[in-house]
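**Student:** Before we start, here is the structure in question, set down as structure tokens.
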Amino acid sequence: MFKKVRNWLFHEDLKRRHMSALALLVGSGLGLLASLALSIESLVLAKNSEAVLSCDLNSALSCSAVANHWSAAIFGFPNSFIGLATLPVMITIAVALLVGTKFPKWFMQCAQVGVIAGLLFAFWMFGMSYLVIGALCPWCLTLDLGMILIFFGMTRYNVLVKNIPGKTLGKFVDRGYDMLFAAVLVVLAMMAIIAKFGDQLF
């Protein structure tokens, strides 16, 4: 038992895998929280499309402006419902990985494809809010951050256990460039938001 705990805490390879699973868990938790809040707000707007939501902070940060746009229900129902259905699966995978479960390679590769699709969808939604709607939803931004963490955690784990092959990608992760990439992505998004909305945010 002590050996397992020691390996969990100090074995370098296991430690990196656990940190990846932890990033996946935190990102999934943030995403699920945001999806739940957005789903509740979508029900409020379904009753009254003119309702003022708790996250309608100003002209730049307005959930209702985003939620009332057609892109918020691209499949005919609120996009947040997708998060409610899929993010608990990500949480389950993350917890299972943290306790040492080994999923089949094909399963983790399918999960990776799903995560990539989710990240691209989040980027598209951010682009719609930023470029077309002209307002940002705080809960959507929380979900975007969660998706970046999910992508980072899932990808890093799959590279470490060689579910995703490739020496170049392995070196990229070993040197920590993936962490740098995720951090740069978040910083660039923040800079873009400040550049466009500036003092409208406060």
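Naming works like this for the structure tokens: A, B, ... for the chains as they're shown, residue 1 at the start of each chain, ligands 1 onward in shown order.
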From a backbone DSSP assignment, name each residue in chain A labelled alpha helix (DSSP H), as a ChimeraX atom specification.
**Tutor:** /A:2-10,12-47,63-67,80-98,105-127,138-160,167-174,177-197
**Student:** Excluding A:Ile116 and any residue of its chain fewer than 2 positions from it, enumerate the residues within 10 Å of it, using only C-alpha atoms, and give them as number ranges by chain.
**Tutor:** A: 110-114, 118-122, 147-148, 150-151, 154-155
**Student:** Could you save the residues just selected, with N, CA, C and O atoms, as a PDB file, in the first residue's frame?
**Tutor:**
ATOM      1  N   CYS A 110     -10.602   7.537 -29.127  1.00  0.00           N
ATOM      2  CA  CYS A 110     -11.945   8.069 -29.402  1.00  0.00           C
ATOM      3  C   CYS A 110     -12.241   9.258 -28.504  1.00  0.00           C
ATOM      4  O   CYS A 110     -12.825  10.262 -28.944  1.00  0.00           O
ATOM      5  N   ALA A 111     -11.844   9.151 -27.232  1.00  0.00           N
ATOM      6  CA  ALA A 111     -12.025  10.262 -26.304  1.00  0.00           C
ATOM      7  C   ALA A 111     -11.249  11.483 -26.769  1.00  0.00           C
ATOM      8  O   ALA A 111     -11.722  12.620 -26.677  1.00  0.00           O
ATOM      9  N   GLN A 112     -10.044  11.249 -27.309  1.00  0.00           N
ATOM     10  CA  GLN A 112      -9.227  12.350 -27.824  1.00  0.00           C
ATOM     11  C   GLN A 112      -9.914  13.049 -28.988  1.00  0.00           C
ATOM     12  O   GLN A 112      -9.925  14.284 -29.060  1.00  0.00           O
ATOM     13  N   VAL A 113     -10.501  12.284 -29.889  1.00  0.00           N
ATOM     14  CA  VAL A 113     -11.231  12.869 -31.015  1.00  0.00           C
ATOM     15  C   VAL A 113     -12.402  13.715 -30.501  1.00  0.00           C
ATOM     16  O   VAL A 113     -12.650  14.827 -30.992  1.00  0.00           O
ATOM     17  N   GLY A 114     -13.113  13.195 -29.509  1.00  0.00           N
ATOM     18  CA  GLY A 114     -14.221  13.941 -28.928  1.00  0.00           C
ATOM     19  C   GLY A 114     -13.767  15.239 -28.292  1.00  0.00           C
ATOM     20  O   GLY A 114     -14.429  16.278 -28.426  1.00  0.00           O
ATOM     21  N   GLY A 118     -14.758  19.035 -29.261  1.00  0.00           N
ATOM     22  CA  GLY A 118     -15.280  19.967 -28.258  1.00  0.00           C
ATOM     23  C   GLY A 118     -14.500  21.261 -28.226  1.00  0.00           C
ATOM     24  O   GLY A 118     -15.081  22.346 -28.096  1.00  0.00           O
ATOM     25  N   LEU A 119     -13.171  21.174 -28.343  1.00  0.00           N
ATOM     26  CA  LEU A 119     -12.346  22.379 -28.330  1.00  0.00           C
ATOM     27  C   LEU A 119     -12.611  23.243 -29.560  1.00  0.00           C
ATOM     28  O   LEU A 119     -12.737  24.470 -29.455  1.00  0.00           O
ATOM     29  N   LEU A 120     -12.716  22.612 -30.720  1.00  0.00           N
ATOM     30  CA  LEU A 120     -13.011  23.362 -31.948  1.00  0.00           C
ATOM     31  C   LEU A 120     -14.369  24.040 -31.867  1.00  0.00           C
ATOM     32  O   LEU A 120     -14.536  25.186 -32.311  1.00  0.00           O
ATOM     33  N   PHE A 121     -15.341  23.347 -31.279  1.00  0.00           N
ATOM     34  CA  PHE A 121     -16.678  23.930 -31.112  1.00  0.00           C
ATOM     35  C   PHE A 121     -16.621  25.126 -30.157  1.00  0.00           C
ATOM     36  O   PHE A 121     -17.257  26.158 -30.396  1.00  0.00           O
ATOM     37  N   ALA A 122     -15.832  24.996 -29.091  1.00  0.00           N
ATOM     38  CA  ALA A 122     -15.676  26.102 -28.137  1.00  0.00           C
ATOM     39  C   ALA A 122     -15.010  27.297 -28.808  1.00  0.00           C
ATOM     40  O   ALA A 122     -15.410  28.453 -28.592  1.00  0.00           O
ATOM     41  N   MET A 147     -12.391  23.759 -21.469  1.00  0.00           N
ATOM     42  CA  MET A 147     -12.075  22.946 -22.650  1.00  0.00           C
ATOM     43  C   MET A 147     -10.582  22.949 -22.961  1.00  0.00           C
ATOM     44  O   MET A 147     -10.028  21.934 -23.395  1.00  0.00           O
ATOM     45  N   ILE A 148      -9.922  24.070 -22.729  1.00  0.00           N
ATOM     46  CA  ILE A 148      -8.473  24.117 -22.941  1.00  0.00           C
ATOM     47  C   ILE A 148      -7.769  23.173 -21.966  1.00  0.00           C
ATOM     48  O   ILE A 148      -6.858  22.429 -22.341  1.00  0.00           O
ATOM     49  N   ILE A 150      -9.125  20.557 -20.515  1.00  0.00           N
ATOM     50  CA  ILE A 150      -9.489  19.193 -20.915  1.00  0.00           C
ATOM     51  C   ILE A 150      -8.611  18.721 -22.064  1.00  0.00           C
ATOM     52  O   ILE A 150      -8.075  17.605 -22.048  1.00  0.00           O
ATOM     53  N   PHE A 151      -8.456  19.571 -23.067  1.00  0.00           N
ATOM     54  CA  PHE A 151      -7.625  19.215 -24.221  1.00  0.00           C
ATOM     55  C   PHE A 151      -6.175  18.990 -23.796  1.00  0.00           C
ATOM     56  O   PHE A 151      -5.537  18.010 -24.209  1.00  0.00           O
ATOM     57  N   MET A 154      -6.022  15.641 -21.577  1.00  0.00           N
ATOM     58  CA  MET A 154      -6.253  14.433 -22.362  1.00  0.00           C
ATOM     59  C   MET A 154      -5.105  14.179 -23.335  1.00  0.00           C
ATOM     60  O   MET A 154      -4.610  13.046 -23.460  1.00  0.00           O
ATOM     61  N   THR A 155      -4.674  15.232 -24.022  1.00  0.00           N
ATOM     62  CA  THR A 155      -3.604  15.076 -25.015  1.00  0.00           C
ATOM     63  C   THR A 155      -2.297  14.678 -24.353  1.00  0.00           C
ATOM     64  O   THR A 155      -1.604  13.759 -24.812  1.00  0.00           O
TER      65      THR A 155
END
**Student:** Using only C-alpha atoms, find the one residue out of A:Leu149, A:Leu32, A:Ile82, A:Ala60 that sits nearest to A:Val186.
**Tutor:** A:Leu149
**Student:** Point out the residue among A:Val44, A:Val161, A:Ile74, A:Ala51 with the least atom-to-atom distance to A:Phe103, counting only C-alpha atoms.
**Tutor:**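 Nearest to A:Phe103: A:Val161.
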**Student:** Using only C-alpha atoms, which of A:Phe152, A:Phe181, A:Tyr130, A:Trp139 sits nearest A:Gly31?
**Tutor:**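 For A:Gly31, the nearest of the given residues is A:Trp139.
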**Student:** May I ask for the distance between atom CA of A:Ala21 and atom CA of A:Ala96, given in Å to one decimal place?
**Tutor:**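 If I compute the distance from atom CA of A:Ala21 to atom CA of A:Ala96, I get 8.8 Å.
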